$ cat protein.cif   # mmCIF, C-alpha atoms
data_data
loop_
_atom_site.group_PDB
_atom_site.id
_atom_site.type_symbol
_atom_site.label_atom_id
_atom_site.label_comp_id
_atom_site.auth_asym_id
_atom_site.auth_seq_id
_atom_site.Cartn_x
_atom_site.Cartn_y
_atom_site.Cartn_z
ATOM 1 C CA MET A 1 105.671 111.359 78.024
ATOM 2 C CA LEU A 2 108.746 109.289 77.224
ATOM 3 C CA ASN A 3 110.908 110.633 74.422
ATOM 4 C CA ILE A 4 111.064 107.875 71.817
ATOM 5 C CA ALA A 5 114.714 108.815 71.232
ATOM 6 C CA HIS A 6 115.613 107.305 74.608
ATOM 7 C CA LYS A 7 117.536 104.119 74.075
ATOM 8 C CA VAL A 8 116.820 101.085 76.202
ATOM 9 C CA ILE A 9 119.079 100.674 79.231
ATOM 10 C CA HIS A 10 119.694 96.951 79.625
ATOM 11 C CA VAL A 11 120.151 95.987 83.284
ATOM 12 C CA ALA A 12 121.239 92.633 84.707
ATOM 13 C CA VAL A 13 119.530 91.937 88.046
ATOM 14 C CA GLY A 14 120.230 89.145 90.531
ATOM 15 C CA VAL A 15 117.954 87.503 93.090
ATOM 16 C CA VAL A 16 120.368 86.218 95.735
ATOM 17 C CA ARG A 17 119.188 83.975 98.571
ATOM 18 C CA ASN A 18 120.874 82.687 101.714
ATOM 19 C CA ALA A 19 120.512 79.292 103.385
ATOM 20 C CA LYS A 20 117.367 80.510 105.186
ATOM 21 C CA GLY A 21 115.689 81.396 101.901
ATOM 22 C CA GLU A 22 115.953 85.113 102.622
ATOM 23 C CA VAL A 23 116.507 87.475 99.700
ATOM 24 C CA LEU A 24 119.217 90.126 99.523
ATOM 25 C CA ILE A 25 118.169 93.692 98.741
ATOM 26 C CA ALA A 26 120.174 96.913 98.589
ATOM 27 C CA LYS A 27 119.271 100.561 99.144
ATOM 28 C CA ARG A 28 119.895 103.042 96.350
ATOM 29 C CA GLN A 29 122.298 105.765 97.423
ATOM 30 C CA ALA A 30 122.008 109.544 97.302
ATOM 31 C CA GLY A 31 122.597 110.894 93.820
ATOM 32 C CA GLN A 32 121.222 107.809 92.115
ATOM 33 C CA HIS A 33 117.954 107.629 90.213
ATOM 34 C CA LEU A 34 115.208 106.872 92.790
ATOM 35 C CA ALA A 35 117.601 107.325 95.710
ATOM 36 C CA GLY A 36 116.393 105.778 98.963
ATOM 37 C CA PHE A 37 114.415 103.028 97.259
ATOM 38 C CA TRP A 38 115.335 99.407 97.830
ATOM 39 C CA GLU A 39 116.283 97.235 94.876
ATOM 40 C CA PHE A 40 117.660 93.881 93.856
ATOM 41 C CA PRO A 41 121.417 94.044 93.149
ATOM 42 C CA GLY A 42 122.765 94.350 89.626
ATOM 43 C CA GLY A 43 123.762 96.898 87.031
ATOM 44 C CA LYS A 44 124.028 97.886 83.393
ATOM 45 C CA VAL A 45 124.952 95.414 80.699
ATOM 46 C CA GLU A 46 127.834 96.877 78.711
ATOM 47 C CA GLN A 47 127.774 96.930 74.920
ATOM 48 C CA GLY A 48 128.718 93.516 73.558
ATOM 49 C CA GLU A 49 128.480 91.896 77.016
ATOM 50 C CA CYS A 50 126.184 88.927 77.657
ATOM 51 C CA VAL A 51 123.716 89.178 80.519
ATOM 52 C CA THR A 52 125.206 86.420 82.677
ATOM 53 C CA THR A 53 128.694 87.925 82.367
ATOM 54 C CA ALA A 54 127.337 91.340 83.318
ATOM 55 C CA LEU A 55 125.471 89.868 86.279
ATOM 56 C CA ALA A 56 128.571 88.086 87.580
ATOM 57 C CA ARG A 57 130.641 91.261 87.187
ATOM 58 C CA GLU A 58 128.100 93.505 88.907
ATOM 59 C CA LEU A 59 127.576 91.174 91.873
ATOM 60 C CA ARG A 60 131.331 90.795 92.274
ATOM 61 C CA GLU A 61 131.730 94.580 92.376
ATOM 62 C CA GLU A 62 128.667 95.309 94.535
ATOM 63 C CA LEU A 63 128.669 92.340 96.912
ATOM 64 C CA GLY A 64 132.020 90.588 96.621
ATOM 65 C CA ILE A 65 130.479 87.261 95.603
ATOM 66 C CA GLU A 66 131.391 84.938 92.742
ATOM 67 C CA VAL A 67 128.372 83.675 90.829
ATOM 68 C CA SER A 68 128.785 80.121 89.551
ATOM 69 C CA GLU A 69 125.208 79.397 88.491
ATOM 70 C CA ALA A 70 122.129 81.481 87.680
ATOM 71 C CA GLN A 71 118.911 80.855 85.790
ATOM 72 C CA PRO A 72 116.461 83.249 84.113
ATOM 73 C CA LEU A 73 113.585 84.434 86.291
ATOM 74 C CA ILE A 74 111.831 87.275 84.471
ATOM 75 C CA THR A 75 112.502 90.009 81.910
ATOM 76 C CA ILE A 76 110.735 93.324 82.501
ATOM 77 C CA PRO A 77 110.468 96.172 79.968
ATOM 78 C CA TYR A 78 109.576 99.393 81.767
ATOM 79 C CA ASP A 79 109.222 103.040 80.759
ATOM 80 C CA TYR A 80 110.040 105.760 83.272
ATOM 81 C CA PRO A 81 109.262 109.374 82.256
ATOM 82 C CA GLU A 82 112.964 110.046 81.783
ATOM 83 C CA LYS A 83 114.274 106.687 80.544
ATOM 84 C CA ARG A 84 113.426 103.214 79.307
ATOM 85 C CA VAL A 85 114.856 100.118 80.994
ATOM 86 C CA LEU A 86 114.915 96.395 80.357
ATOM 87 C CA LEU A 87 115.462 94.425 83.559
ATOM 88 C CA ASP A 88 116.958 90.999 82.820
ATOM 89 C CA VAL A 89 116.448 89.173 86.105
ATOM 90 C CA HIS A 90 118.232 85.947 87.035
ATOM 91 C CA GLU A 91 117.927 83.816 90.147
ATOM 92 C CA VAL A 92 121.413 83.152 91.496
ATOM 93 C CA THR A 93 121.364 79.491 92.479
ATOM 94 C CA GLN A 94 125.045 79.060 93.361
ATOM 95 C CA TYR A 95 127.637 81.550 94.555
ATOM 96 C CA SER A 96 130.694 81.636 96.782
ATOM 97 C CA ASP A 97 131.699 83.989 99.608
ATOM 98 C CA SER A 98 129.345 86.005 101.814
ATOM 99 C CA PRO A 99 127.785 89.186 100.405
ATOM 100 C CA VAL A 100 129.170 92.438 101.783
ATOM 101 C CA SER A 101 128.572 96.036 100.786
ATOM 102 C CA GLY A 102 131.232 96.762 98.198
ATOM 103 C CA GLU A 103 130.109 100.262 97.220
ATOM 104 C CA GLY A 104 128.921 101.748 100.508
ATOM 105 C CA GLN A 105 125.281 100.824 99.950
ATOM 106 C CA SER A 106 123.056 99.428 102.692
ATOM 107 C CA ILE A 107 122.228 95.762 102.151
ATOM 108 C CA ARG A 108 119.734 93.592 103.994
ATOM 109 C CA TRP A 109 118.494 89.995 104.053
ATOM 110 C CA VAL A 110 114.688 89.919 103.936
ATOM 111 C CA SER A 111 112.201 87.056 104.030
ATOM 112 C CA GLN A 112 110.078 86.610 100.905
ATOM 113 C CA SER A 113 106.891 87.433 102.770
ATOM 114 C CA ASP A 114 108.312 90.746 104.032
ATOM 115 C CA LEU A 115 109.483 92.083 100.668
ATOM 116 C CA ARG A 116 106.273 94.059 100.138
ATOM 117 C CA ASP A 117 107.034 96.035 103.301
ATOM 118 C CA TYR A 118 109.879 97.768 101.427
ATOM 119 C CA THR A 119 109.619 100.509 98.826
ATOM 120 C CA PHE A 120 111.029 99.423 95.464
ATOM 121 C CA PRO A 121 111.206 101.284 92.142
ATOM 122 C CA PRO A 122 108.028 100.670 90.117
ATOM 123 C CA ALA A 123 109.913 98.480 87.639
ATOM 124 C CA ASN A 124 110.886 96.132 90.483
ATOM 125 C CA ALA A 125 107.312 95.270 91.519
ATOM 126 C CA PRO A 126 107.072 92.258 89.162
ATOM 127 C CA ILE A 127 110.373 90.972 90.545
ATOM 128 C CA VAL A 128 108.894 90.905 94.044
ATOM 129 C CA THR A 129 105.932 88.949 92.678
ATOM 130 C CA ALA A 130 108.194 86.523 90.805
ATOM 131 C CA VAL A 131 110.323 85.918 93.899
ATOM 132 C CA GLN A 132 107.209 85.012 95.885
ATOM 133 C CA LEU A 133 105.710 82.701 93.257
ATOM 134 C CA PRO A 134 106.589 79.002 92.811
ATOM 135 C CA ALA A 135 107.703 77.354 89.570
ATOM 136 C CA VAL A 136 104.668 75.044 89.584
ATOM 137 C CA PHE A 137 101.022 76.117 89.745
ATOM 138 C CA CYS A 138 98.168 73.601 89.923
ATOM 139 C CA ILE A 139 94.727 74.122 88.404
ATOM 140 C CA SER A 140 92.078 71.792 89.764
ATOM 141 C CA GLY A 141 90.378 69.250 87.538
ATOM 142 C CA GLU A 142 87.266 67.189 88.092
ATOM 143 C CA PHE A 143 86.286 66.083 91.596
ATOM 144 C CA GLU A 144 83.332 64.293 93.162
ATOM 145 C CA GLY A 145 82.229 66.027 96.328
ATOM 146 C CA PHE A 146 83.936 68.295 98.790
ATOM 147 C CA ALA A 147 85.805 65.557 100.663
ATOM 148 C CA ALA A 148 87.518 64.398 97.470
ATOM 149 C CA LEU A 149 88.428 67.983 96.618
ATOM 150 C CA ARG A 150 89.884 68.646 100.060
ATOM 151 C CA ASP A 151 91.861 65.396 100.054
ATOM 152 C CA ARG A 152 93.358 66.071 96.628
ATOM 153 C CA CYS A 153 94.414 69.569 97.624
ATOM 154 C CA GLY A 154 95.925 68.196 100.826
ATOM 155 C CA SER A 155 97.867 65.571 98.881
ATOM 156 C CA LEU A 156 99.200 68.196 96.499
ATOM 157 C CA GLN A 157 100.238 70.368 99.417
ATOM 158 C CA SER A 158 102.168 67.458 100.941
ATOM 159 C CA GLN A 159 104.052 67.223 97.632
ATOM 160 C CA GLY A 160 105.129 70.851 97.817
ATOM 161 C CA ILE A 161 102.364 72.523 95.796
ATOM 162 C CA THR A 162 101.627 75.909 97.374
ATOM 163 C CA HIS A 163 99.393 77.568 94.758
ATOM 164 C CA ILE A 164 96.140 76.090 93.452
ATOM 165 C CA GLN A 165 93.406 77.594 91.297
ATOM 166 C CA LEU A 166 89.976 76.163 92.052
ATOM 167 C CA ARG A 167 88.380 75.623 88.655
ATOM 168 C CA ALA A 168 84.879 74.162 88.888
ATOM 169 C CA PRO A 169 82.758 75.234 85.894
ATOM 170 C CA HIS A 170 80.048 72.736 86.845
ATOM 171 C CA LEU A 171 79.179 74.694 90.001
ATOM 172 C CA GLU A 172 76.791 77.622 90.117
ATOM 173 C CA PRO A 173 78.309 80.894 91.441
ATOM 174 C CA ALA A 174 76.753 80.688 94.917
ATOM 175 C CA GLU A 175 77.746 77.050 95.348
ATOM 176 C CA TYR A 176 81.221 77.758 94.027
ATOM 177 C CA LEU A 177 81.813 80.515 96.568
ATOM 178 C CA GLN A 178 80.562 78.275 99.359
ATOM 179 C CA VAL A 179 82.950 75.484 98.328
ATOM 180 C CA TYR A 180 85.813 77.933 97.882
ATOM 181 C CA ARG A 181 85.400 79.509 101.308
ATOM 182 C CA ARG A 182 85.043 76.155 103.039
ATOM 183 C CA LEU A 183 88.131 74.796 101.304
ATOM 184 C CA SER A 184 90.108 77.940 102.148
ATOM 185 C CA GLY A 185 89.342 77.373 105.806
ATOM 186 C CA GLU A 186 90.430 73.732 105.767
ATOM 187 C CA ILE A 187 93.761 73.885 103.923
ATOM 188 C CA GLU A 188 96.307 76.220 105.460
ATOM 189 C CA GLY A 189 99.523 77.238 103.766
ATOM 190 C CA VAL A 190 98.056 77.118 100.256
ATOM 191 C CA SER A 191 97.268 80.183 98.153
ATOM 192 C CA LEU A 192 93.868 79.175 96.765
ATOM 193 C CA PHE A 193 92.728 81.226 93.773
ATOM 194 C CA ALA A 194 89.039 81.681 93.041
ATOM 195 C CA ASN A 195 88.169 81.387 89.352
ATOM 196 C CA THR A 196 85.752 84.031 88.048
ATOM 197 C CA ASP A 197 84.714 82.194 84.884
ATOM 198 C CA TRP A 198 81.007 82.208 85.645
ATOM 199 C CA GLN A 199 78.351 81.399 83.062
ATOM 200 C CA HIS A 200 76.971 84.918 83.543
ATOM 201 C CA PRO A 201 79.647 87.046 85.239
ATOM 202 C CA ASN A 202 78.747 90.417 86.623
ATOM 203 C CA VAL A 203 80.571 93.076 88.561
ATOM 204 C CA SER A 204 79.090 92.161 91.937
ATOM 205 C CA GLN A 205 80.207 88.543 91.614
ATOM 206 C CA VAL A 206 83.746 89.550 90.707
ATOM 207 C CA GLU A 207 83.928 92.052 93.545
ATOM 208 C CA GLN A 208 82.768 89.439 96.040
ATOM 209 C CA MET A 209 85.786 87.277 95.281
ATOM 210 C CA PRO A 210 88.256 86.702 98.117
ATOM 211 C CA ARG A 211 91.871 87.761 98.319
ATOM 212 C CA TYR A 212 93.184 85.395 95.620
ATOM 213 C CA ILE A 213 91.359 85.978 92.339
ATOM 214 C CA HIS A 214 91.761 84.500 88.863
ATOM 215 C CA LEU A 215 90.238 86.325 85.894
ATOM 216 C CA SER A 216 89.323 84.246 82.856
ATOM 217 C CA SER A 217 89.960 85.684 79.395
ATOM 218 C CA ARG A 218 86.188 86.048 78.983
ATOM 219 C CA VAL A 219 85.961 88.144 82.137
ATOM 220 C CA LEU A 220 88.930 90.234 80.966
ATOM 221 C CA ARG A 221 87.345 90.908 77.585
ATOM 222 C CA ALA A 222 84.076 91.840 79.282
ATOM 223 C CA GLY A 223 85.940 94.636 81.032
ATOM 224 C CA TYR A 224 85.447 93.502 84.626
ATOM 225 C CA LYS A 225 87.973 94.523 87.246
ATOM 226 C CA PRO A 226 88.169 93.165 90.806
ATOM 227 C CA VAL A 227 88.293 95.441 93.790
ATOM 228 C CA ALA A 228 91.751 96.552 94.873
ATOM 229 C CA GLY A 229 93.708 94.717 97.519
ATOM 230 C CA GLY A 230 93.669 91.175 96.201
ATOM 231 C CA VAL A 231 96.259 89.062 94.440
ATOM 232 C CA ILE A 232 95.124 88.732 90.839
ATOM 233 C CA SER A 233 95.989 86.257 88.106
ATOM 234 C CA ALA A 234 94.561 86.175 84.592
ATOM 235 C CA ALA A 235 94.262 83.840 81.614
ATOM 236 C CA CYS A 236 95.741 85.073 78.334
ATOM 237 C CA HIS A 237 95.977 83.673 74.826
ATOM 238 C CA ASP A 238 97.551 86.663 73.092
ATOM 239 C CA VAL A 239 99.145 90.049 73.662
ATOM 240 C CA GLU A 240 95.783 91.828 73.473
ATOM 241 C CA GLU A 241 94.554 89.860 76.484
ATOM 242 C CA LEU A 242 97.891 90.473 78.207
ATOM 243 C CA LYS A 243 97.320 94.221 77.969
ATOM 244 C CA LEU A 244 93.803 93.783 79.348
ATOM 245 C CA ALA A 245 95.206 91.735 82.221
ATOM 246 C CA GLU A 246 97.844 94.323 83.053
ATOM 247 C CA HIS A 247 95.199 97.065 82.919
ATOM 248 C CA ALA A 248 93.020 95.030 85.300
ATOM 249 C CA GLY A 249 95.907 94.923 87.775
ATOM 250 C CA ALA A 250 96.933 91.289 87.294
ATOM 251 C CA HIS A 251 100.040 90.362 89.260
ATOM 252 C CA PHE A 252 100.770 87.418 86.958
ATOM 253 C CA VAL A 253 99.205 85.630 83.995
ATOM 254 C CA PHE A 254 98.821 82.215 82.376
ATOM 255 C CA PHE A 255 99.633 81.883 78.662
ATOM 256 C CA SER A 256 98.090 79.000 76.739
ATOM 257 C CA PRO A 257 97.994 76.629 75.020
ATOM 258 C CA VAL A 258 101.720 75.980 74.634
ATOM 259 C CA LYS A 259 101.091 72.339 73.647
ATOM 260 C CA PRO A 260 97.936 70.407 72.717
ATOM 261 C CA THR A 261 95.937 69.398 75.783
ATOM 262 C CA SER A 262 94.055 66.235 76.676
ATOM 263 C CA SER A 263 90.838 68.262 76.886
ATOM 264 C CA HIS A 264 91.394 69.793 73.401
ATOM 265 C CA PRO A 265 93.646 67.306 71.557
ATOM 266 C CA ASN A 266 92.744 68.685 68.117
ATOM 267 C CA THR A 267 93.707 72.251 69.018
ATOM 268 C CA PRO A 268 97.377 72.833 68.161
ATOM 269 C CA GLY A 269 99.625 74.412 70.746
ATOM 270 C CA VAL A 270 101.208 77.750 69.925
ATOM 271 C CA GLY A 271 104.696 76.449 70.742
ATOM 272 C CA TRP A 272 107.706 77.594 72.711
ATOM 273 C CA GLU A 273 108.646 80.490 70.426
ATOM 274 C CA ALA A 274 105.205 82.016 70.891
ATOM 275 C CA LEU A 275 105.708 81.720 74.644
ATOM 276 C CA ARG A 276 109.104 83.413 74.329
ATOM 277 C CA ASP A 277 107.611 86.277 72.307
ATOM 278 C CA PHE A 278 104.754 86.667 74.803
ATOM 279 C CA CYS A 279 107.107 86.762 77.797
ATOM 280 C CA ALA A 280 109.302 89.340 76.060
ATOM 281 C CA VAL A 281 106.532 91.949 76.170
ATOM 282 C CA ALA A 282 104.908 90.947 79.478
ATOM 283 C CA LYS A 283 105.478 93.226 82.459
ATOM 284 C CA VAL A 284 104.323 90.575 84.935
ATOM 285 C CA PRO A 285 105.344 86.939 85.576
ATOM 286 C CA VAL A 286 103.985 84.406 83.086
ATOM 287 C CA TYR A 287 103.065 80.760 83.634
ATOM 288 C CA ALA A 288 103.163 78.488 80.595
ATOM 289 C CA LEU A 289 99.987 76.400 80.397
ATOM 290 C CA GLY A 290 98.644 73.702 78.120
ATOM 291 C CA GLY A 291 99.839 70.120 77.887
ATOM 292 C CA LEU A 292 102.794 70.727 80.202
ATOM 293 C CA SER A 293 104.304 68.966 83.207
ATOM 294 C CA GLU A 294 107.112 69.579 85.660
ATOM 295 C CA LEU A 295 109.507 68.171 83.046
ATOM 296 C CA ASP A 296 108.879 71.352 81.041
ATOM 297 C CA ILE A 297 109.888 73.827 83.756
ATOM 298 C CA SER A 298 113.434 74.323 82.487
ATOM 299 C CA GLN A 299 112.358 75.050 78.921
ATOM 300 C CA ALA A 300 109.609 77.364 80.117
ATOM 301 C CA ARG A 301 112.134 79.288 82.222
ATOM 302 C CA GLN A 302 114.476 79.569 79.245
ATOM 303 C CA CYS A 303 111.611 81.208 77.364
ATOM 304 C CA GLY A 304 111.206 83.774 80.136
ATOM 305 C CA ALA A 305 108.302 82.181 82.001
ATOM 306 C CA GLN A 306 107.948 81.876 85.760
ATOM 307 C CA GLY A 307 107.303 78.149 85.363
ATOM 308 C CA ILE A 308 104.440 75.887 84.346
ATOM 309 C CA ALA A 309 100.801 75.515 85.302
ATOM 310 C CA ALA A 310 98.946 72.269 84.757
ATOM 311 C CA ILE A 311 95.706 70.429 85.303
ATOM 312 C CA SER A 312 96.209 66.869 84.064
ATOM 313 C CA ALA A 313 99.885 66.484 84.980
ATOM 314 C CA LEU A 314 99.278 67.565 88.582
ATOM 315 C CA TRP A 315 95.625 67.025 89.463
ATOM 316 C CA GLY A 316 95.507 63.798 87.482
ATOM 317 C CA ARG A 317 98.336 62.182 89.407
ATOM 318 C CA ILE A 318 96.404 62.389 92.685
ATOM 319 C CA GLN A 319 93.926 59.528 93.019
#
$ encode --input "protein.cif" --output "structure tokens"
Amino acid sequence: MLNIAHKVIHVAVGVVRNAKGEVLIAKRQAGQHLAGFWEFPGGKVEQGECVTTALARELREELGIEVSEAQPLITIPYDYPEKRVLLDVHEVTQYSDSPVSGEGQSIRWVSQSDLRDYTFPPANAPIVTAVQLPAVFCISGEFEGFAALRDRCGSLQSQGITHIQLRAPHLEPAEYLQVYRRLSGEIEGVSLFANTDWQHPNVSQVEQMPRYIHLSSRVLRAGYKPVAGGVISAACHDVEELKLAEHAGAHFVFFSPVKPTSSHPNTPGVGWEALRDFCAVAKVPVYALGGLSELDISQARQCGAQGIAAISALWGRIQ
């Protein structure tokens, strides 16, 4: 059990990419905590030092690069048995010079898709997820027939959308699964998430879901957990549901409603500060949802979110 007297060690972490989109990782050296594990470069934030200053200093010392621009990616609170850390992760969007090992550590450029082949400290797992996720996530709206659904998804893909959640509450479970599997086979290069918000969910239905699974807040509160091995997202409206999602093994979550939505115009949004507070305690990436568009990405990121998810602003623009 963690001694509550342990103070939080604040760590600035950088996600550095090259022109190929590969991500730089470094191997922890002998004598360090979790020696031999791979990690994202960075180091401790000194007392009175701001995170961006600490990040620039650490990457200069470790890699010999000068950071000129970085933006927040994710903040991760994590308790090890022997210490408590807060990882303040930024995506380095501009830097000069080529990274070299400045402290004798092994460094390596790795493609996003190969990151899970490396062993990282447990606290780094959400960083790997965040690196692999986009800033924009589409949730499907209404559609008339399979052809219209397929065409809309194809149009979104051509516009750079790589992650879509198939939400179709009007379909019965068996029909939904049939549509989902057919669509999965006809659109390549898209991570298509199956929504588990059935009228009468049960364990067998959840376990039959494919690799990409979305758990509604109702399914979370009912205590259902998908089988291991899939990529799991979950819908959350408060910290209680966040804890349920993390217990269910969710890799990332949606937090809503940030703003009023067209489907529920009389329901007030919780606002940006509520999003900030939610992200501060989340141990997984968070998408802001509810009345948002791509114009809100920057503000969502400043609050600690991965980006935005939307129905109307994305699905509605495809005719």
$ residues_around --input "protein.cif" --residues "Glu58 of chain A" --least-positions-apart "2" --cutoff "8 Å" --atoms "all atoms listed in the file" --output "short mmCIF file (atom, residue, chain, number, x, y, z; two decimals) with C-alpha atoms, in the coordinates of the input"
data_model
loop_
_atom_site.label_atom_id
_atom_site.label_comp_id
_atom_site.auth_asym_id
_atom_site.auth_seq_id
_atom_site.Cartn_x
_atom_site.Cartn_y
_atom_site.Cartn_z
CA PRO A 41 121.42 94.04 93.15
CA GLY A 42 122.76 94.35 89.63
CA GLY A 43 123.76 96.90 87.03
CA ALA A 54 127.34 91.34 83.32
CA LEU A 55 125.47 89.87 86.28
CA ALA A 56 128.57 88.09 87.58
CA ARG A 60 131.33 90.80 92.27
CA GLU A 61 131.73 94.58 92.38
CA GLU A 62 128.67 95.31 94.54
#
$ resolve_selection --input "protein.cif" --expression "the PyMOL selection byres ((chain A and resi 310) around 10)" --output "list in words"
Val136, Phe137, Cys138, Ile139, Ser140, Gly141, Ile164, Thr261, Tyr287, Ala288, Leu289, Gly290, Gly291, Leu292, Ser293, Glu294, Ile308, Ala309, Ile311, Ser312, Ala313, Leu314, Trp315 and Gly316 of chain A
$ residues_around --input "protein.cif" --residues "Gln132 of chain A" --least-positions-apart "2" --cutoff "8 Å" --atoms "only C-alpha atoms" --output "PyMOL selection string"
chain A and resi 112-113+128-130+134
$ write_last_selection --input "protein.cif" --atoms "C-alpha atoms" --output "PDB file, keeping the file's coordinate frame"
ATOM      1  CA  GLN A 112     110.078  86.610 100.905  1.00  0.00           C
ATOM      2  CA  SER A 113     106.891  87.433 102.770  1.00  0.00           C
ATOM      3  CA  VAL A 128     108.894  90.905  94.044  1.00  0.00           C
ATOM      4  CA  THR A 129     105.932  88.949  92.678  1.00  0.00           C
ATOM      5  CA  ALA A 130     108.194  86.523  90.805  1.00  0.00           C
ATOM      6  CA  PRO A 134     106.589  79.002  92.811  1.00  0.00           C
TER       7      PRO A 134
END
$ resolve_selection --input "protein.cif" --expression "the PyMOL selection byres ((chain A and resi 273) around 12)" --output "VMD selection string"
chain A and resid 258 to 259 269 to 272 274 to 280 288 299 to 300 302 to 305
$ write_last_selection --input "protein.cif" --atoms "C-alpha atoms" --output "mmCIF file, keeping the file's coordinate frame"
data_model
loop_
_atom_site.group_PDB
_atom_site.id
_atom_site.type_symbol
_atom_site.label_atom_id
_atom_site.label_comp_id
_atom_site.auth_asym_id
_atom_site.auth_seq_id
_atom_site.Cartn_x
_atom_site.Cartn_y
_atom_site.Cartn_z
ATOM 1 C CA VAL A 258 101.720 75.980 74.634
ATOM 2 C CA LYS A 259 101.091 72.339 73.647
ATOM 3 C CA GLY A 269 99.625 74.412 70.746
ATOM 4 C CA VAL A 270 101.208 77.750 69.925
ATOM 5 C CA GLY A 271 104.696 76.449 70.742
ATOM 6 C CA TRP A 272 107.706 77.594 72.711
ATOM 7 C CA ALA A 274 105.205 82.016 70.891
ATOM 8 C CA LEU A 275 105.708 81.720 74.644
ATOM 9 C CA ARG A 276 109.104 83.413 74.329
ATOM 10 C CA ASP A 277 107.611 86.277 72.307
ATOM 11 C CA PHE A 278 104.754 86.667 74.803
ATOM 12 C CA CYS A 279 107.107 86.762 77.797
ATOM 13 C CA ALA A 280 109.302 89.340 76.060
ATOM 14 C CA ALA A 288 103.163 78.488 80.595
ATOM 15 C CA GLN A 299 112.358 75.050 78.921
ATOM 16 C CA ALA A 300 109.609 77.364 80.117
ATOM 17 C CA GLN A 302 114.476 79.569 79.245
ATOM 18 C CA CYS A 303 111.611 81.208 77.364
ATOM 19 C CA GLY A 304 111.206 83.774 80.136
ATOM 20 C CA ALA A 305 108.302 82.181 82.001
#
$ resolve_selection --input "protein.cif" --expression "the PyMOL selection byres ((chain A and resi 67-73) around 7)" --output "list in words"
Ala56, Ile65, Glu66, Ile74, Val89, His90, Glu91, Val92, Thr93, Gln94, Tyr95, Ser96, Arg301, Gln302, Gly304 and Gln306 of chain A
$ write_last_selection --input "protein.cif" --atoms "C-alpha atoms" --output "PDB file, in the frame of the given file"
ATOM      1  CA  ALA A  56     128.571  88.086  87.580  1.00  0.00           C
ATOM      2  CA  ILE A  65     130.479  87.261  95.603  1.00  0.00           C
ATOM      3  CA  GLU A  66     131.391  84.938  92.742  1.00  0.00           C
ATOM      4  CA  ILE A  74     111.831  87.275  84.471  1.00  0.00           C
ATOM      5  CA  VAL A  89     116.448  89.173  86.105  1.00  0.00           C
ATOM      6  CA  HIS A  90     118.232  85.947  87.035  1.00  0.00           C
ATOM      7  CA  GLU A  91     117.927  83.816  90.147  1.00  0.00           C
ATOM      8  CA  VAL A  92     121.413  83.152  91.496  1.00  0.00           C
ATOM      9  CA  THR A  93     121.364  79.491  92.479  1.00  0.00           C
ATOM     10  CA  GLN A  94     125.045  79.060  93.361  1.00  0.00           C
ATOM     11  CA  TYR A  95     127.637  81.550  94.555  1.00  0.00           C
ATOM     12  CA  SER A  96     130.694  81.636  96.782  1.00  0.00           C
ATOM     13  CA  ARG A 301     112.134  79.288  82.222  1.00  0.00           C
ATOM     14  CA  GLN A 302     114.476  79.569  79.245  1.00  0.00           C
ATOM     15  CA  GLY A 304     111.206  83.774  80.136  1.00  0.00           C
ATOM     16  CA  GLN A 306     107.948  81.876  85.760  1.00  0.00           C
TER      17      GLN A 306
END
$ closest_atom_pairs --input "protein.cif" --of "segment 146-204 of chain A" --to "segment 212-227 of chain A" --cutoff "6 Å" --atoms "all atoms listed in the file" --output "Markdown table"
| residue | atom | partner | partner_atom | distance |
| --- | --- | --- | --- | --- |
| A:Phe193 | CA | A:Tyr212 | CA | 4.6 |
| A:Ala194 | CA | A:Ile213 | CA | 4.9 |
| A:Asn195 | CA | A:His214 | CA | 4.8 |
| A:Thr196 | CA | A:Leu215 | CA | 5.5 |
| A:Asp197 | CA | A:Ser216 | CA | 5.4 |
$ residues_around --input "protein.cif" --residues "segment 179-190 of chain A" --least-positions-apart "4" --cutoff "12 Å" --atoms "all atoms listed in the file" --output "MDAnalysis selection string"
chainID A and resid 133:134 137:138 140 145:168 171:175 194:196 208:213
$ residues_around --input "protein.cif" --residues "segment 124-127 of chain A" --least-positions-apart "3" --cutoff "9 Å" --atoms "all atoms listed in the file" --output "list in words"
Val15, Glu39, Phe40, Leu73, Ile74, Thr75, Ile76, Leu87, Val89, Arg116, Phe120, Pro121, Ala130, Val131, Gln132, His251, Phe252, Lys283, Val284 and Pro285 of chain A
$ closest_residue --input "protein.cif" --among "A:Gly64, A:Pro77, A:Gly229, A:Gly36" --to "Ala282 of chain A" --atoms "all atoms listed in the file"
A:Pro77
$ atom_distance --input "protein.cif" --atom1 "atom CA of Arg108 of chain A" --atom2 "atom CA of Ile232 of chain A"
28.3 Å
$ axis_aligned_box --input "protein.cif" --around "segment 285-296 of chain A" --padding-each-side "4 Å" --output "JSON"
{"center_x": 104.1, "center_y": 77.6, "center_z": 81.8, "size_x": 18.9, "size_y": 26.8, "size_z": 15.8}
$ atom_distance --input "protein.cif" --atom1 "atom CA of Leu59 of chain A" --atom2 "atom CA of Gly14 of chain A"
7.7 Å
